[in-house]
Amino acid sequence: MTAAPRTILVTGASGFVGRHLMTALATAFPHTALLDPAIDVQNATEVETAVRSAVPDVCVHLAAVSAIAAAQQAPDHAWQVNFHGTLNLAWMLSRHAPECQLLFASSADAYGASFRSGLPLNEAAPLAPMNAYAETKAAADLALGGMAAQGLRVVRLRPFNHVGPGQAPQFVVAAFAQQIARTAAGLQAPVLRVGNLETRRDFLDVRDVCAAYVACIVQRDTLIPGTILNLASGHARRVGDVLTELAAIAGIEIRTEVDASRVRESDIWTACGNATRARECLDWMPVRPWQQTLRDVMNDWQVRVQSERA
């Protein structure tokens with residue numbers, strides 16, 4: 001059995017996924033040093049200093065411009081962080097910690113136009129990005145694959161839409177929950193501003209995603225450098241149904257109003273993934289009940305909104 005790592009370095013540890021991951025890592029590896037240096041991955045000197053100081057056994061790279069709208073509004077910045085920042089980290093690990101396992105948070109959004117098949121996609125589907133965020137993630141994903149052929153111990157994870165408590169309202173489920181919580185608290189009218197409710201997405205609980213990262217670390221000696229793993233439920237949920245479920249949990253009735261700024265012309269109708277390889281390589285599959293995920297999201301936003309009122 002693979003020994004527990006001595007040191008794990010996490011970039012982006014203060015973000016949505018990072019906060020959940022740090023909890024999962026501390027639970028799984030109680031004697032491991034967990035490092036979350038406050039570095040700007042765009043700055044190669046800062047990255048080099050952090051890697052040389054830590055010489056980690058594992059590095060989980062989460063730091064990114066992760067919202068599609070933010071990447072679209074400032075694509076140059078997204079490229080600097082998501083692509084060049086990723087390469088800075090990979091180069092420094094290759095130079096100063098060549099035995100380190102790098103877990104790269106890629107994205108299922110990189111499949112883009114390939115979703116037009118309507119079928120659950122596996123890792124062999126072509127990358128066909130349709131927005132600036134997906135472009136940067138696809139480019140970094142491919143570059144790391146090339147570096148794997150030169151010895152970089154990288155695993156590329158392509159998670160589908162993941163949700164949970166603590167997520168920012170730039171993401172659809174969190175946006176719904178925020179508005180519903182504000183409505184229930186009497187802070188806004190019961191009319192929710194929404195995008196396209198007919199699209200279908202493969203949603204995961206962020207804690208299930210973090211369990212996959214932990215499993216990669218546990219299995220790190222068996223994973224071939226360059227391995228690609230989808231993280232998906234295999235089930236596409238209608239976005240409008242998610243809204244209805246959240247409103248039911250909050251016990252309120254709502255009406256919807258389309259907000260043009262939330263509708264993307266390039267929207268794919270159905271995005272669903274096949275995670276058979278992750279099940280085979282990691283013995284991983286989503287285990288958290290969907291209704292529990294939604295209750296946790298709704299409870300989180302009700303607490304946040306109450307704090308807003310205080």
# chains A, B, ... in the order shown; residues from 1 in each chain; ligands from 1
$ select_by_dssp --residues "segment 219-307 of chain A" --states "strand (DSSP E)" --output "number ranges by chain"
A: 227-231, 237-238, 255-258, 270-271
$ write_last_selection --atoms "C-alpha atoms" --output "PDB file, in the first residue's frame"
ATOM      1  CA  THR A 227      -3.703   9.784 -16.602  1.00  0.00           C
ATOM      2  CA  ILE A 228      -6.991  11.554 -17.338  1.00  0.00           C
ATOM      3  CA  LEU A 229     -10.014  10.930 -15.136  1.00  0.00           C
ATOM      4  CA  ASN A 230     -13.525  12.259 -15.547  1.00  0.00           C
ATOM      5  CA  LEU A 231     -15.379  12.921 -12.313  1.00  0.00           C
ATOM      6  CA  ARG A 237     -30.277  16.987 -14.319  1.00  0.00           C
ATOM      7  CA  ARG A 238     -32.501  19.671 -15.798  1.00  0.00           C
ATOM      8  CA  ARG A 255     -41.639  32.864 -10.202  1.00  0.00           C
ATOM      9  CA  THR A 256     -38.834  33.187 -12.709  1.00  0.00           C
ATOM     10  CA  GLU A 257     -37.723  35.939 -15.053  1.00  0.00           C
ATOM     11  CA  VAL A 258     -35.092  35.389 -17.720  1.00  0.00           C
ATOM     12  CA  THR A 270     -26.947  18.450 -22.263  1.00  0.00           C
ATOM     13  CA  ALA A 271     -23.556  17.877 -20.646  1.00  0.00           C
TER      14      ALA A 271
END
$ residues_around --residues "segment 105-107 of chain A" --least-positions-apart "6" --cutoff "7 Å" --atoms "only C-alpha atoms" --output "JSON, numbers by chain"
{"A": [61, 62, 137, 141, 156, 157, 158, 159, 160]}
$ closest_atom_pairs --of "segment 158-180 of chain A" --to "segment 300-309 of chain A" --cutoff "7 Å" --atoms "only C-alpha atoms" --output "JSON lines"
{"residue": "A:Pro165", "atom": "CA", "partner": "A:Asp300", "partner_atom": "CA", "distance": 5.5}
{"residue": "A:Gly166", "atom": "CA", "partner": "A:Asp300", "partner_atom": "CA", "distance": 6.9}
{"residue": "A:Ala177", "atom": "CA", "partner": "A:Trp301", "partner_atom": "CA", "distance": 6.3}
{"residue": "A:Gln178", "atom": "CA", "partner": "A:Trp301", "partner_atom": "CA", "distance": 5.6}
$ write_last_selection --atoms "C-alpha atoms" --output "short mmCIF file (atom, residue, chain, number, x, y, z; two decimals), in the first residue's frame"
data_model
loop_
_atom_site.label_atom_id
_atom_site.label_comp_id
_atom_site.auth_asym_id
_atom_site.auth_seq_id
_atom_site.Cartn_x
_atom_site.Cartn_y
_atom_site.Cartn_z
CA PRO A 165 -21.93 24.82 0.72
CA GLY A 166 -19.62 27.79 0.40
CA ALA A 177 -30.04 29.23 -3.51
CA GLN A 178 -28.93 32.77 -2.75
#
$ residues_around --residues "segment 15-32 of chain A" --least-positions-apart "4" --cutoff "7 Å" --atoms "only C-alpha atoms" --output "PDB file with C-alpha atoms, in the first residue's frame"
ATOM      1  CA  ALA A   4       0.885   8.530   3.277  1.00  0.00           C
ATOM      2  CA  PRO A   5       2.625  11.580   1.804  1.00  0.00           C
ATOM      3  CA  ARG A   6       4.837  13.610   4.109  1.00  0.00           C
ATOM      4  CA  THR A   7       3.890  16.935   2.536  1.00  0.00           C
ATOM      5  CA  LEU A  62      -6.681  24.291  -7.803  1.00  0.00           C
ATOM      6  CA  GLY A 166     -19.621  27.792   0.403  1.00  0.00           C
ATOM      7  CA  GLN A 167     -19.870  28.234  -3.359  1.00  0.00           C
ATOM      8  CA  VAL A 206     -17.908  19.064  -4.052  1.00  0.00           C
ATOM      9  CA  ARG A 207     -17.167  16.654  -1.208  1.00  0.00           C
ATOM     10  CA  CYS A 210     -12.569  15.994  -2.982  1.00  0.00           C
ATOM     11  CA  VAL A 214      -7.833  11.866  -1.861  1.00  0.00           C
TER      12      VAL A 214
END
$ residues_around --residues "segment 220-226 of chain A" --least-positions-apart "4" --cutoff "7 Å" --atoms "only C-alpha atoms" --output "NGL selection string"
:A and (2 or 145 or 148 or 152-156 or 216)
$ write_last_selection --atoms "N, CA and C atoms" --output "PDB file, in the first residue's frame"
ATOM      1  N   THR A   2       0.507   2.254  -0.755  1.00  0.00           N
ATOM      2  CA  THR A   2       1.268   3.494  -0.841  1.00  0.00           C
ATOM      3  C   THR A   2       1.290   4.194   0.508  1.00  0.00           C
ATOM      4  N   GLY A 145      -0.158  16.984 -20.433  1.00  0.00           N
ATOM      5  CA  GLY A 145      -0.050  15.665 -21.046  1.00  0.00           C
ATOM      6  C   GLY A 145       1.271  15.497 -21.767  1.00  0.00           C
ATOM      7  N   ALA A 148       3.963  15.004 -19.214  1.00  0.00           N
ATOM      8  CA  ALA A 148       3.931  13.664 -18.625  1.00  0.00           C
ATOM      9  C   ALA A 148       4.829  12.716 -19.416  1.00  0.00           C
ATOM     10  N   LEU A 152       6.824  14.096 -15.993  1.00  0.00           N
ATOM     11  CA  LEU A 152       6.009  14.755 -14.969  1.00  0.00           C
ATOM     12  C   LEU A 152       4.941  13.788 -14.462  1.00  0.00           C
ATOM     13  N   ARG A 153       4.876  13.606 -13.154  1.00  0.00           N
ATOM     14  CA  ARG A 153       3.897  12.675 -12.565  1.00  0.00           C
ATOM     15  C   ARG A 153       2.570  13.401 -12.363  1.00  0.00           C
ATOM     16  N   VAL A 154       1.874  13.647 -13.446  1.00  0.00           N
ATOM     17  CA  VAL A 154       0.642  14.425 -13.383  1.00  0.00           C
ATOM     18  C   VAL A 154      -0.567  13.532 -13.637  1.00  0.00           C
ATOM     19  N   VAL A 155      -1.628  13.827 -12.902  1.00  0.00           N
ATOM     20  CA  VAL A 155      -2.947  13.242 -13.143  1.00  0.00           C
ATOM     21  C   VAL A 155      -3.881  14.396 -13.454  1.00  0.00           C
ATOM     22  N   ARG A 156      -4.587  14.279 -14.574  1.00  0.00           N
ATOM     23  CA  ARG A 156      -5.491  15.347 -15.007  1.00  0.00           C
ATOM     24  C   ARG A 156      -6.922  14.935 -14.702  1.00  0.00           C
ATOM     25  N   CYS A 216      -6.835   9.647  -5.454  1.00  0.00           N
ATOM     26  CA  CYS A 216      -5.666   9.750  -6.351  1.00  0.00           C
ATOM     27  C   CYS A 216      -4.366   9.720  -5.557  1.00  0.00           C
TER      28      CYS A 216
END
$ atom_distance --atom1 "atom CA of Ala124 of chain A" --atom2 "atom CA of Asp283 of chain A"
19.9 Å
$ closest_atom_pairs --of "segment 225-300 of chain A" --to "segment 182-188 of chain A" --cutoff "10 Å" --atoms "only C-alpha atoms" --output "tab-separated table"
residue	atom	partner	partner_atom	distance
A:Ala247	CA	A:Ala184	CA	9.3
A:Ala250	CA	A:Ala184	CA	7.2
A:Gly251	CA	A:Ala184	CA	8.2
A:Ile252	CA	A:Ala184	CA	6.7
A:Glu253	CA	A:Ala184	CA	9.3
A:Ile254	CA	A:Thr183	CA	8.5
$ residues_around --residues "segment 85-90 of chain A" --least-positions-apart "4" --cutoff "8 Å" --atoms "only C-alpha atoms" --output "ChimeraX atom specification"
/A:41-44,47-48,61,80-81,94,102,140,143-144,152
$ select_by_dssp --residues "segment 18-107 of chain A" --states "alpha helix (DSSP H)" --output "number ranges by chain"
A: 18-28, 44-54, 68-73, 75-78, 85-96
$ closest_residue --among "A:Ala275, A:Ile268, A:Cys281, A:Val173" --to "Glu123 of chain A" --atoms "only C-alpha atoms"
A:Ala275
$ residues_around --residues "Ala64 of chain A" --least-positions-apart "3" --cutoff "8 Å" --atoms "only C-alpha atoms" --output "list of chain:residue names"
A:Gly12, A:Ala78, A:Val81, A:Asn82
$ atom_distance --atom1 "atom CA of Thr11 of chain A" --atom2 "atom CA of Ala211 of chain A"
17.2 Å
$ closest_residue --among "A:Val60, A:Gln292, A:Ala132, A:Arg52" --to "Leu34 of chain A" --atoms "only C-alpha atoms"
A:Val60
$ atom_distance --atom1 "atom CA of Met298 of chain A" --atom2 "atom CA of Gly234 of chain A"
23.6 Å
$ residues_around --residues "Val65 of chain A" --least-positions-apart "2" --cutoff "9 Å" --atoms "only C-alpha atoms" --output "PyMOL selection string"
chain A and resi 63+67-68+70-71+77-79+81-82+133
